[in-house]
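The next block holds one structure in the form of structure tokens; read it before the comments.
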Amino acid sequence: MSVKPKIATVWLGGCSGCHMSLLDLDERLIDIAKAVTITASPVTDIKEPPEVDVVLVEGAVCNTDNLHVLRKVRERAKILVAFGDCACFGNIPTMRNFFPLEDVLQRGYVDTESTASGEVPRSEELPELLDKVQPLHAFVKVDANLPGCPPSADAIYFALTELLAGRLPAASGELLHYD
Amino acid sequence: MMMSDITITIDGREVKGRKGQTVLEVCKENGIYVPTLCHWPGLSNVGACRLCVVEVEGSNKLGTSCTMPATDGLKIRTESEALFARRKMTLELLFSERNHYCPICPESGSCELQDLGYRFGIDAIRYPYLFPSLPLDVSHPHIAMEHSRCVLCTRCVRVCSERVGVGTLDFRERGIAQMISPDAGLPLGESSCVSCGACVQVCPTGTLFNKNTAYLERAATAGGAHSAMQKVSSTCAGCSVGCRTEVCVSNNRVVRIDADMAAGDAGILCEKGRFSLLQDRRRRLTRPLIRRSGRLEETDWETALAHIASRVSEVVAQHGASAVAGIASPALPNETLYLFQKLLRAGVGTPNVDAFDGRDLRVTRAATEGLVGAHVRAKVEARLSELDEADLYVVVGADPTRTHPVVAAAIRRGVYQRRAQLILINPRKTGLTELADLTLQPRRGSDGVLLNGMMQAIVSDGVAEKTLVPTAGRGAFVSTLERYTPFAVEMETGVPRDDVLQAARMYARAKRPVILYGRGITRQSDPRLIASMQSLTLLTGHADATHFPILGLRRSASSTGAFDLGVDPSRLPGRQRFTDEAMQRFESAWGRPVPTPAEFNANEFDAKAIRALYLLAGDDDLPLGEEFAERLMETEFVVVHASHASSLTEMADVVLPTLTWAEQSGTFTNIDGEVLPLRQAVPGPAGVWSAPEVLGALGSALGLEAGCKTPEAITEEIAALVPEYAAALAEGEGLVRFGGEAFDVRRADLRAPDYFREV
Ligand code: SF4
Ligand code: SF4
Ligand code: SF4
Ligand code: SF4
Ligand code: FES
């Protein structure tokens with residue numbers, strides 16, 4: 001292959017654990033890096049994602065910014081992979097769905113035990129929370145799901161090598177985990 | 001009854017089945033996988049989850065195989081693209097309807113819903129989540145109920161009513177908010193739940209879980225394998241029922257005890273077997289202790305054992321071997337129990353060896369031999385399986401809900417499912433009181449009078465038409481009973497005469513009654529009480545030649561094993577009497593003279609005569625009664641061999657640590673005379689010797705020939721000396737049948753023992 005495929009990763013409403021697990025690939029990362037060009041990732045802080053072959057999206061969709069980024073990367077990526085439980089299923093971030101939004105904000109900014117005098121920030125600049133947190137496929141077409149909280153390094157390696165081989169990854173057996 | 005064979009075609013393959021089976025059962029028997037979520041072996045099938053659907057030729061509807069009768073000529077398909085899609089959809093809907101957060105669920109790794117998700121390659125849920133807001137109930141001491149994860153399979157509801165016979169659980173609300181509910185809305189901790197945990201075991205999801213061990217199972221699962229739990233098939237050490245267990249181990253720790261479903265019993269356990277054994281809060285002993293100037297101090301094994309050997313030898317030299325005695329817990333493995341009596345008999349030379357509850361079994365033997373007039377080695381009492389066929393239970397001086405809860409479950413099943421009747425004879429209220437058709441509350445110590453009163457009522461009322469009282473004995477028998485008039489019995493027992501008559505009639509008319517007795521009877525240490533029960537079964541024709549439908553609820557996992565293997569001052573291993581032939585056999589096997597039998601009794605030994613006592617408690621929490629404590633105080637030299645510190649060890653001169661049930665292998669012999677395997681699940685603490693090692697070392701110090709060095713050698717020696725055990729020990733399990741003199745209890749010369757004080 002003369003032109004190396006381009007890969008980007010983005011981080012929405014998640015804990016970054018999936019990205020940490022990506023780093024757990026250790027020396028296998030070098031093989032991957034040889035085979036692909038990583039164009040953007042949470043560490044590069046590129047606001048507007050470039051056109052890529054594959055984007056791995058970590059996290060659920062919690063706010064308007066998540067949604068904006070998700071739609072953008074969907075437009076610019078040939079293949080979008082839901083990366084981890086939150087992206088695939090919603091997972092922990094959806095736990096706020098059991099409460100009214102106002103209560104969630106109040107708890108987070110005002111009632112927190114460590115907060116002396118807090119207030120709910122309100123600004124045009126800030127993204128708004130969506131009514132309900134949802135997984136990626138509730139908003140955009142997802143081409144492949146890689147569950148796991150986080151997906152193991154082996155599962156990620158499997159997914160990447162499948163993608164490099166031109167196949168959509170479908171983890172099974174010990175590589176498919178919900179925890 | 002022979003079930004007729006049928007042939008059905010599954011996925012193009014012809015397989016045989018039996019009439020009455022479901023399609024799912026035939027599939028399983030033939031190794032054909034069908035996914036299930038609400039089916040559970042031994043429970044009714046309700047077709048709630050619809051995962052087991054199959055295609056039926058000639059019909060365009062899918063049918064649930066768990067409820068579909070297998071009829072001859074049926075042609076079904078268990079796999080197709082459409083079935084796969086349908087089942088996957090069903091699963092995704094289940095995930096979407098409740099709140100499944102596997103990463104924080106204690107059952108992740110042992111969840112059937114999750115396993116099915118993996119099997120069907122589910123990596124996203126296509127249906128919108130409903131996010132129902134459901135409560136978490138942690139009011140129960142052991143069980144948490146997280147309604148958010150319930151798939152409404154109803155397994156818990158069915159097991160609680162069909163197997164445990166309690167019926168605590170049902171459903172409330174409808175649709176999205178439907179929930180299992182204890183006693184129509186009570187918190188589980190305040191409900192009628194008997195804490196057996198059966199519902200926790202059958203729950204396919206993380207809805208019901210043991211809150212005290214939650215997440216321990218997951219400790220070893222980080223990354224890689226879905227579950228790192230090891231499972232060991234074993235036997236509960238909690239009581240004489242001997243429920244088969246599956247001991248689950250994670251990180252060398254027992255994290256869960258389940259009923260072993262492959263064992264073919266009721267598949268349930270009780271609170272003790274499932275939960276309490278996991279929560280031993282006693283202080284563990286790991287080093288031998290020796291009393292020096294009044295205080296127990298740590299020492300090494302060599303010093304402790306040498307000290308015991310020399311003190312015991314001193315006592316033997318000064319006072320004779322019969323000044324030494326050994327008492328063992330019957331909750332220990334058979335192999336240990338055998339070695340214990342061998343050490344005492346052959347190593348020390350004393351006949352004084354008894355199990356903590358040995359007297360209970362001797363009382364029954366004395367009654368039987370008195371009645372039959374012969375030496376009886378065979379088991380003459382009822383088997384547990386008879387409880388599931390009985391139409392009347394008479395529970396005398398026992399509360400199986402506390403002592404033998406799985407027996408209580410069988411009684412409840414009988415009462416609820418077969419409309420069996422229940423008579424309680426107990427001065428106290430028991431856990432069965434509310435279920436009883438009739439409760440008789442005789443004054444303390446008047447049970448015998450009541451039993452004779454029932455027999456008198458039967459004789460005079462003529463209710464026992466098929467009476468088998470032999471003509472020869474009848475005259476004497478009837479005349480002894482004459483004194484037990486309704487008036488006299490009422491006066492003596494305080495039980496209204498009508499109740500006595502009614503109990504007598506119910507018993508005489510029942511088809512398959514079982515009498516159960518417990519501590520309330522055995523505590524009285526009176527063989528006549530057992531004899532009266534036995535006579536009652538004979539009088540009414542409920543006994544057969546070699547068997548009384550009477551079940552003595554024995555205390556411990558191997559009460560029967562101890563009795564069988566010579567932890568009994570009056571019998572040699574194999575329930576053998578001290579005949580010349582038997583003594584010679586044991587002497588040549590043990591290389592030492594065998595002392596003749598003694599009158600020793602664990603509960604009433606003479607502390608003046610016994611100067612050295614070896615108490616092998618193991619992990620048993622032996623109840624230290626006041627009298628027993630006094631006797632221990634008076635005994636010159638006391639060795640306590642126990643896994644945990646207790647008031648017993650406090651009184652010892654030497655304390656030897658030992659292993660617990662989970663840390664050793666061996667066998668138990670349960671109440672049915674069935675040898676059952678105890679298998680090591682976790683390693684013992686470093687430096688703690690096993691009881692056989694300790695008994696072996698003490699034997700050598702006392703001049704016993706080495707031997708019994710390995711578990712295999714112990715088993716071989718028992719098998720050689722007690723051939724009735726050979727097959728069961730070789731197999732690791734099996735029923736033990738003792739032969740012996742032929743007898744027919746129905747020819748017994750019946751006499752009603754007389755309980756009235758002579759006036
Ligand atoms: S019950 Fe099963 S599927 Fe549901 S959260 Fe727990 S492990 Fe996951
Ligand atoms: S623990 Fe036993 S009695 Fe209690 S609800 Fe569960 S099955 Fe029923
Ligand atoms: S609690 Fe468990 S066993 Fe009971 S209905 Fe729910 S999922 Fe089934
Ligand atoms: S009934 Fe006895 S053997 Fe069965 S689980 Fe309970 S304690 Fe163990
Ligand atoms: S297993 Fe047959 S419907 Fe659930």
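For the structure tokens, the naming scheme is as follows: chains receive sequential letters (A, B, ...) according to their order of presentation, residues are indexed from 1 within each chain, and ligands are indexed from 1 in presentation order.
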Surrounding residues of B:Ile308 excluding itself and chain neighbours under 6 positions, 9 Å, only C-alpha atoms, as a VMD selection string:
chain B and resid 637 639 654 698
So that I can check the surroundings of stretch 76-84 of chain A, please list as a short mmCIF file (atom, residue, chain, number, x, y, z; two decimals) with C-alpha atoms, in the first residue's frame every protein, DNA and RNA residue that reaches within 6 Å of it, counting only C-alpha atoms and ignoring chain neighbours fewer than 5 positions away.
data_model
loop_
_atom_site.label_atom_id
_atom_site.label_comp_id
_atom_site.auth_asym_id
_atom_site.auth_seq_id
_atom_site.Cartn_x
_atom_site.Cartn_y
_atom_site.Cartn_z
CA GLU A 51 -10.66 13.74 6.38
CA VAL A 52 -9.69 10.22 7.49
CA ASP A 53 -10.22 6.61 6.60
CA VAL A 54 -11.10 5.54 10.13
CA VAL A 55 -12.17 7.38 13.24
CA LEU A 56 -12.37 5.75 16.65
CA VAL A 57 -14.89 7.57 18.83
CA GLU A 58 -14.73 7.15 22.58
CA VAL A 142 -21.82 3.55 13.18
CA ASP A 143 -19.84 1.13 11.05
CA ALA A 144 -18.39 -1.03 13.78
CA ASN A 145 -18.74 -1.38 17.55
CA LEU A 146 -15.91 -2.32 19.84
CA PRO A 147 -17.38 -2.71 23.33
CA GLY A 148 -15.41 -3.02 26.54
CA CYS A 149 -14.95 -0.82 29.54
CA PRO A 150 -12.37 -0.31 28.29
CA PRO A 151 -11.82 -2.64 25.31
#
Give the residues close to ligand 3, within 7 Å, counting only C-alpha atoms and all ligand atoms; write them as a PyMOL selection string.
chain B and resi 147+149-157+180+199+202-205+207-208
Selection from above, N, CA and C atoms, as a short mmCIF file (atom, residue, chain, number, x, y, z; two decimals), in the first residue's frame, can you write it?
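Written output follows (again12.cif):
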data_model
loop_
_atom_site.label_atom_id
_atom_site.label_comp_id
_atom_site.auth_asym_id
_atom_site.auth_seq_id
_atom_site.Cartn_x
_atom_site.Cartn_y
_atom_site.Cartn_z
N HIS B 147 -33.44 -4.28 41.17
CA HIS B 147 -34.50 -4.51 40.18
C HIS B 147 -34.12 -4.04 38.78
N ARG B 149 -31.85 -4.79 36.97
CA ARG B 149 -31.22 -5.78 36.09
C ARG B 149 -32.12 -6.99 35.84
N CYS B 150 -33.37 -6.90 36.29
CA CYS B 150 -34.25 -8.06 36.21
C CYS B 150 -34.79 -8.26 34.80
N VAL B 151 -34.75 -9.50 34.33
CA VAL B 151 -35.31 -9.79 33.00
C VAL B 151 -36.69 -10.45 33.14
N LEU B 152 -37.21 -10.47 34.35
CA LEU B 152 -38.56 -10.99 34.60
C LEU B 152 -38.73 -12.44 34.12
N CYS B 153 -37.70 -13.22 34.34
CA CYS B 153 -37.74 -14.60 33.87
C CYS B 153 -38.59 -15.49 34.79
N THR B 154 -38.84 -15.03 35.99
CA THR B 154 -39.64 -15.72 37.03
C THR B 154 -38.98 -16.95 37.64
N ARG B 155 -37.71 -17.17 37.32
CA ARG B 155 -37.05 -18.32 37.95
C ARG B 155 -37.08 -18.23 39.48
N CYS B 156 -36.80 -17.03 39.99
CA CYS B 156 -36.72 -16.86 41.45
C CYS B 156 -38.07 -17.14 42.09
N VAL B 157 -39.11 -16.68 41.43
CA VAL B 157 -40.46 -16.87 41.95
C VAL B 157 -40.78 -18.37 41.99
N ILE B 180 -40.12 -8.17 40.71
CA ILE B 180 -40.36 -9.24 41.66
C ILE B 180 -40.57 -8.57 43.01
N CYS B 199 -33.00 -18.32 45.22
CA CYS B 199 -33.34 -17.33 44.20
C CYS B 199 -32.07 -16.68 43.66
N VAL B 202 -30.49 -19.12 41.11
CA VAL B 202 -31.16 -19.31 39.83
C VAL B 202 -31.25 -18.02 39.02
N CYS B 203 -31.11 -16.88 39.67
CA CYS B 203 -31.23 -15.62 38.94
C CYS B 203 -30.15 -15.56 37.84
N PRO B 204 -30.58 -15.42 36.61
CA PRO B 204 -29.59 -15.44 35.52
C PRO B 204 -28.80 -14.15 35.42
N THR B 205 -29.25 -13.13 36.11
CA THR B 205 -28.62 -11.81 35.98
C THR B 205 -28.09 -11.33 37.32
N THR B 207 -29.51 -9.33 39.27
CA THR B 207 -30.59 -8.74 40.06
C THR B 207 -30.49 -9.17 41.52
N LEU B 208 -30.37 -10.48 41.73
CA LEU B 208 -30.26 -11.01 43.08
C LEU B 208 -28.83 -11.47 43.27
#
Looking only at the backbone, which of the residues in stretch 130-261 of chain B does DSSP tag as strand (DSSP E or B), as a PyMOL selection string?
chain B and resi 136-137+143-146+169-172+179-182+208-210+230-235+244-250+253-259
Just want the residues within 9 Å of ligand 1, written as a compact mmCIF listing (two decimals) with C-alpha atoms, in the first residue's frame, counting only C-alpha atoms and all ligand atoms.
# COMPACT_ATOMS: atom_id res chain seq x y z
CA TYR A 178 -19.00 -5.62 28.26
CA ASP A 179 -16.79 -4.87 31.23
CA PHE B 95 -31.06 -5.17 27.42
CA ARG B 98 -33.76 -2.41 32.06
CA ASN B 99 -30.54 -0.76 33.11
CA HIS B 100 -27.59 -3.02 32.46
CA TYR B 101 -24.24 -1.54 33.39
CA CYS B 102 -22.00 -4.57 33.18
CA PRO B 103 -18.83 -2.72 34.19
CA ILE B 104 -20.29 -2.09 37.63
CA CYS B 105 -22.40 -5.24 38.00
CA PRO B 106 -21.29 -7.82 40.56
CA GLU B 107 -22.42 -10.65 38.31
CA SER B 108 -20.48 -9.57 35.25
CA GLY B 109 -18.57 -12.67 34.23
CA SER B 110 -21.22 -15.03 35.58
CA CYS B 111 -24.36 -13.58 34.03
CA GLU B 112 -26.44 -15.60 31.62
CA LEU B 113 -27.80 -12.51 29.90
CA GLN B 114 -24.29 -11.25 29.29
CA ASP B 115 -23.13 -14.67 28.09
CA LEU B 116 -25.98 -14.70 25.61
CA GLY B 117 -25.07 -11.20 24.50
CA SER B 148 -32.77 -2.58 37.41
CA ARG B 149 -31.22 -5.78 36.09
CA CYS B 150 -34.25 -8.06 36.21
CA VAL B 151 -35.31 -9.79 33.00
CA PRO B 204 -29.59 -15.44 35.52
CA THR B 205 -28.62 -11.81 35.98
CA GLY B 206 -27.19 -9.53 38.61
CA THR B 207 -30.59 -8.74 40.06
Within 8 Å of B:Arg611, counting only C-alpha atoms, which residues qualify if same-chain residues fewer than 2 places away don't, as a ChimeraX atom specification?
/B:315,323-324,607-609,613,635-637
Select from chain A every residue with an atom at most 8 Å from any atom of chain B, then for each give the shortest pair of atoms and their distance in Å to one decimal, using only C-alpha atoms, rows by chain and rising number, as CSV.
residue,atom,partner,partner_atom,distance
A:Cys88,CA,B:Ala124,CA,5.3
A:Phe89,CA,B:Ala124,CA,5.8
A:Asn91,CA,B:Tyr101,CA,6.1
A:Ile92,CA,B:Tyr101,CA,6.9
A:Asn97,CA,B:Phe131,CA,7.2
A:Phe98,CA,B:Ser133,CA,6.2
A:Asn145,CA,B:Asp123,CA,5.7
A:Leu146,CA,B:Asp123,CA,6.8
A:Pro147,CA,B:Asp123,CA,6.0
A:Cys149,CA,B:Pro103,CA,6.3
A:Ser152,CA,B:Gly223,CA,6.3
A:Ala170,CA,B:Gly121,CA,7.8
A:Ala171,CA,B:Gly121,CA,7.6
A:Ser172,CA,B:Gly121,CA,6.2
A:Gly173,CA,B:Tyr118,CA,7.1
A:Glu174,CA,B:Ala225,CA,6.1
A:Leu175,CA,B:Gly224,CA,7.5
A:Leu176,CA,B:Tyr118,CA,6.5
A:His177,CA,B:His226,CA,7.4
A:Tyr178,CA,B:Cys102,CA,5.8
A:Asp179,CA,B:Pro103,CA,4.2
Keeping only all heavy atoms, take the residues you just selected and write them out as a compact mmCIF listing (two decimals), in the first residue's frame.
# COMPACT_ATOMS: atom_id res chain seq x y z
N CYS A 88 -20.66 2.55 22.45
CA CYS A 88 -21.55 1.50 21.92
C CYS A 88 -22.91 1.49 22.61
O CYS A 88 -23.94 1.33 21.95
CB CYS A 88 -20.92 0.12 22.12
SG CYS A 88 -19.35 -0.11 21.28
N PHE A 89 -22.90 1.58 23.93
CA PHE A 89 -24.13 1.35 24.70
C PHE A 89 -24.60 2.59 25.47
O PHE A 89 -25.69 2.58 26.03
CB PHE A 89 -23.93 0.25 25.74
CG PHE A 89 -23.47 -1.07 25.16
CD1 PHE A 89 -22.27 -1.64 25.56
CD2 PHE A 89 -24.25 -1.74 24.23
CE1 PHE A 89 -21.86 -2.86 25.06
CE2 PHE A 89 -23.84 -2.96 23.71
CZ PHE A 89 -22.64 -3.52 24.12
N ASN A 91 -23.59 3.41 28.46
CA ASN A 91 -22.85 3.05 29.67
C ASN A 91 -22.97 4.10 30.79
O ASN A 91 -23.98 4.80 30.89
CB ASN A 91 -21.39 2.76 29.30
CG ASN A 91 -20.66 1.94 30.36
OD1 ASN A 91 -21.29 1.21 31.10
ND2 ASN A 91 -19.35 2.08 30.41
N ILE A 92 -21.96 4.20 31.60
CA ILE A 92 -22.02 5.01 32.82
C ILE A 92 -22.55 6.44 32.60
O ILE A 92 -23.36 6.93 33.38
CB ILE A 92 -20.63 5.06 33.52
CG1 ILE A 92 -20.06 3.66 33.69
CG2 ILE A 92 -20.71 5.80 34.85
CD1 ILE A 92 -20.79 2.76 34.64
N ASN A 97 -29.42 9.96 33.17
CA ASN A 97 -30.73 9.98 32.54
C ASN A 97 -31.88 9.73 33.52
O ASN A 97 -33.03 9.96 33.21
CB ASN A 97 -30.82 8.95 31.42
CG ASN A 97 -29.89 9.29 30.27
OD1 ASN A 97 -29.28 10.36 30.27
ND2 ASN A 97 -29.77 8.41 29.31
N PHE A 98 -31.53 9.19 34.69
CA PHE A 98 -32.59 8.90 35.67
C PHE A 98 -33.04 10.15 36.41
O PHE A 98 -33.98 10.10 37.20
CB PHE A 98 -32.10 7.85 36.67
CG PHE A 98 -31.74 6.55 36.01
CD1 PHE A 98 -30.41 6.22 35.79
CD2 PHE A 98 -32.73 5.69 35.58
CE1 PHE A 98 -30.08 5.04 35.15
CE2 PHE A 98 -32.40 4.50 34.94
CZ PHE A 98 -31.07 4.18 34.73
N ASN A 145 -18.73 -1.61 16.11
CA ASN A 145 -18.74 -1.38 17.55
C ASN A 145 -17.65 -2.20 18.21
O ASN A 145 -17.49 -3.38 17.89
CB ASN A 145 -20.09 -1.79 18.15
CG ASN A 145 -21.21 -0.90 17.67
OD1 ASN A 145 -21.31 0.26 18.06
ND2 ASN A 145 -22.06 -1.43 16.80
N LEU A 146 -16.92 -1.58 19.09
CA LEU A 146 -15.91 -2.32 19.84
C LEU A 146 -16.17 -2.09 21.33
O LEU A 146 -15.63 -1.18 21.94
CB LEU A 146 -14.51 -1.82 19.45
CG LEU A 146 -13.35 -2.57 20.09
CD1 LEU A 146 -13.35 -4.04 19.70
CD2 LEU A 146 -12.02 -1.92 19.70
N PRO A 147 -17.05 -2.93 21.92
CA PRO A 147 -17.38 -2.71 23.33
C PRO A 147 -16.22 -3.06 24.25
O PRO A 147 -15.23 -3.64 23.83
CB PRO A 147 -18.57 -3.65 23.59
CG PRO A 147 -18.96 -4.22 22.27
CD PRO A 147 -17.76 -4.10 21.38
N CYS A 149 -15.05 -1.97 28.65
CA CYS A 149 -14.95 -0.82 29.54
C CYS A 149 -13.67 -0.92 30.33
O CYS A 149 -13.69 -1.26 31.47
CB CYS A 149 -16.17 -0.76 30.46
SG CYS A 149 -16.27 0.73 31.46
N SER A 152 -10.07 -4.27 25.69
CA SER A 152 -8.70 -4.66 26.03
C SER A 152 -7.77 -4.29 24.88
O SER A 152 -8.21 -4.12 23.74
CB SER A 152 -8.63 -6.17 26.27
OG SER A 152 -8.96 -6.86 25.09
N ALA A 170 -15.53 -7.30 14.01
CA ALA A 170 -16.64 -7.75 14.87
C ALA A 170 -16.01 -8.66 15.92
O ALA A 170 -15.74 -9.83 15.66
CB ALA A 170 -17.69 -8.48 14.06
N ALA A 171 -15.75 -8.09 17.08
CA ALA A 171 -15.07 -8.86 18.13
C ALA A 171 -15.98 -9.99 18.59
O ALA A 171 -17.20 -9.84 18.66
CB ALA A 171 -14.71 -7.95 19.29
N SER A 172 -15.37 -11.12 18.92
CA SER A 172 -16.15 -12.22 19.47
C SER A 172 -15.27 -12.97 20.46
O SER A 172 -14.11 -12.61 20.65
CB SER A 172 -16.61 -13.15 18.34
OG SER A 172 -15.47 -13.70 17.71
N GLY A 173 -15.83 -13.99 21.08
CA GLY A 173 -15.07 -14.78 22.05
C GLY A 173 -14.55 -13.90 23.17
O GLY A 173 -15.23 -12.98 23.62
N GLU A 174 -13.33 -14.17 23.59
CA GLU A 174 -12.78 -13.44 24.73
C GLU A 174 -12.52 -11.96 24.41
O GLU A 174 -12.25 -11.16 25.29
CB GLU A 174 -11.47 -14.09 25.19
CG GLU A 174 -11.65 -15.52 25.69
CD GLU A 174 -12.18 -15.59 27.11
OE1 GLU A 174 -11.45 -15.23 28.04
OE2 GLU A 174 -13.34 -16.01 27.30
N LEU A 175 -12.56 -11.61 23.12
CA LEU A 175 -12.31 -10.22 22.76
C LEU A 175 -13.55 -9.35 22.93
O LEU A 175 -13.46 -8.13 22.98
CB LEU A 175 -11.81 -10.12 21.31
CG LEU A 175 -10.46 -10.77 21.04
CD1 LEU A 175 -10.09 -10.64 19.56
CD2 LEU A 175 -9.37 -10.15 21.91
N LEU A 176 -14.70 -10.02 23.01
CA LEU A 176 -15.94 -9.26 23.20
C LEU A 176 -16.26 -9.22 24.69
O LEU A 176 -16.52 -10.24 25.31
CB LEU A 176 -17.08 -9.93 22.42
CG LEU A 176 -18.47 -9.30 22.54
CD1 LEU A 176 -18.47 -7.85 22.09
CD2 LEU A 176 -19.49 -10.10 21.73
N HIS A 177 -16.22 -8.05 25.24
CA HIS A 177 -16.42 -7.85 26.68
C HIS A 177 -17.36 -6.69 26.89
O HIS A 177 -17.27 -5.70 26.16
CB HIS A 177 -15.09 -7.46 27.34
CG HIS A 177 -14.42 -8.56 28.06
ND1 HIS A 177 -14.65 -8.82 29.38
CD2 HIS A 177 -13.52 -9.48 27.64
CE1 HIS A 177 -13.91 -9.85 29.75
NE2 HIS A 177 -13.22 -10.27 28.71
N TYR A 178 -18.21 -6.80 27.92
CA TYR A 178 -19.00 -5.62 28.26
C TYR A 178 -18.42 -4.94 29.51
O TYR A 178 -19.01 -4.00 30.04
CB TYR A 178 -20.46 -5.99 28.56
CG TYR A 178 -21.20 -6.63 27.40
CD1 TYR A 178 -22.32 -7.40 27.63
CD2 TYR A 178 -20.77 -6.45 26.08
CE1 TYR A 178 -23.01 -7.99 26.59
CE2 TYR A 178 -21.45 -7.04 25.03
CZ TYR A 178 -22.57 -7.81 25.28
OH TYR A 178 -23.25 -8.40 24.26
N ASP A 179 -17.36 -5.50 30.02
CA ASP A 179 -16.79 -4.87 31.23
C ASP A 179 -15.29 -4.69 31.07
O ASP A 179 -14.75 -4.94 30.01
CB ASP A 179 -17.10 -5.70 32.48
CG ASP A 179 -16.52 -7.10 32.42
OD1 ASP A 179 -15.88 -7.45 31.40
OD2 ASP A 179 -16.71 -7.85 33.38
Just want the residues within 8 Å of ligand 5, written as number ranges by chain, counting only C-alpha atoms and all ligand atoms.
B: 24, 35-40, 45-53, 64-67, 153
For atom CA of B:Arg172 and atom CA of B:Pro41, quote the distance in Å rounded to one decimal.
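Result for atom CA of B:Arg172 versus atom CA of B:Pro41: 25.1 Å, one decimal.
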Mind listing the residues within 7 Å of ligand 2, only C-alpha atoms and all ligand atoms counted, as a ChimeraX atom specification?
/B:156,159-160,164,166-169,182,193-200
Show me, as a PyMOL selection string, the residues that have an atom within 12 Å of A:Ala165 when counting only C-alpha atoms, minus same-chain residues fewer than 5 positions from it.
chain A and resi 1+5+35-36+158-160
Can you write just those residues out, C-alpha atoms, as a PDB file, in the first residue's frame?
ATOM      1  CA  MET A   1       0.000   0.000   0.000  1.00  0.00           C
ATOM      2  CA  PRO A   5      -4.493   4.910   5.771  1.00  0.00           C
ATOM      3  CA  ALA A  35       1.038   1.101   8.959  1.00  0.00           C
ATOM      4  CA  VAL A  36      -1.153   4.128   9.478  1.00  0.00           C
ATOM      5  CA  PHE A 158      -7.711  -7.007  16.638  1.00  0.00           C
ATOM      6  CA  ALA A 159      -9.979  -4.193  15.487  1.00  0.00           C
ATOM      7  CA  LEU A 160      -7.129  -2.181  13.979  1.00  0.00           C
TER       8      LEU A 160
END
Enumerate residues in contact with ligand 4: an atom-to-atom distance of at most 6 Å, counting only C-alpha atoms and all ligand atoms. Format the result as a PyMOL selection string.
chain B and resi 236-243+269-270+272-273+404-406
Atoms to include: C-alpha atoms. Write the selected residues as a compact mmCIF listing (two decimals), in the first residue's frame.
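Wrote it out as result_18.txt, contents follow:
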# COMPACT_ATOMS: atom_id res chain seq x y z
CA CYS B 236 -21.91 -29.04 52.52
CA ALA B 237 -20.39 -29.53 55.95
CA GLY B 238 -23.28 -27.77 57.66
CA CYS B 239 -25.54 -30.63 58.74
CA SER B 240 -26.34 -34.28 58.19
CA VAL B 241 -28.39 -33.71 55.02
CA GLY B 242 -25.20 -33.47 53.00
CA CYS B 243 -26.38 -31.15 50.26
CA LEU B 269 -29.23 -25.16 50.07
CA CYS B 270 -30.00 -23.34 53.28
CA LYS B 272 -25.99 -21.93 56.69
CA GLY B 273 -24.72 -23.84 53.69
CA HIS B 404 -32.06 -29.05 58.83
CA PRO B 405 -33.64 -26.38 56.62
CA VAL B 406 -33.51 -28.44 53.45
All residues 7 Å or closer to stretch 10-17 of chain B, only C-alpha atoms, same chain fewer than 3 positions away omitted, as a count of residues only:
8
Grab the atom CA of B:Thr235 to atom CA of B:Glu733 distance for me, in Å with one decimal place.
10.6 Å
For B:Asp360: contacts at 7 Å, only C-alpha atoms, fewer than 3 positions along chain excluded, given as a ChimeraX atom specification
/B:357,363-364,522,525
Could you write out the selected residues, including C-alpha atoms, as a short mmCIF file (atom, residue, chain, number, x, y, z; two decimals), in the first residue's frame?
data_model
loop_
_atom_site.label_atom_id
_atom_site.label_comp_id
_atom_site.auth_asym_id
_atom_site.auth_seq_id
_atom_site.Cartn_x
_atom_site.Cartn_y
_atom_site.Cartn_z
CA ASP B 357 -23.50 -36.81 69.28
CA VAL B 363 -30.14 -44.68 71.52
CA THR B 364 -31.76 -45.53 68.19
CA THR B 522 -32.50 -37.56 71.52
CA SER B 525 -31.38 -40.22 75.89
#
I need the residues in stretch 358-552 of chain B that are helix (DSSP H, G or I) according to DSSP; give them as a PyMOL selection string.
chain B and resi 358-372+384-388+400-403+405-417+433-435+447-461+471-481+486-493+497-509+519-522+527-539
Long-range neighbours of stretch 660-667 of chain B as a VMD selection string, 10 Å cut-off, only C-alpha atoms, 5 positions minimum in chain:
chain B and resid 232 234 to 238 247 253 to 254 277 to 278 284 331 to 336 557 to 558 561 618 to 620 642 to 644 674 to 685 690 to 691 711 715 728 to 729 732 to 733
So which one's closest to A:Leu163, A:Val104, A:Met20, A:Leu129, A:Lys6? Using only C-alpha atoms, please.
A:Lys6
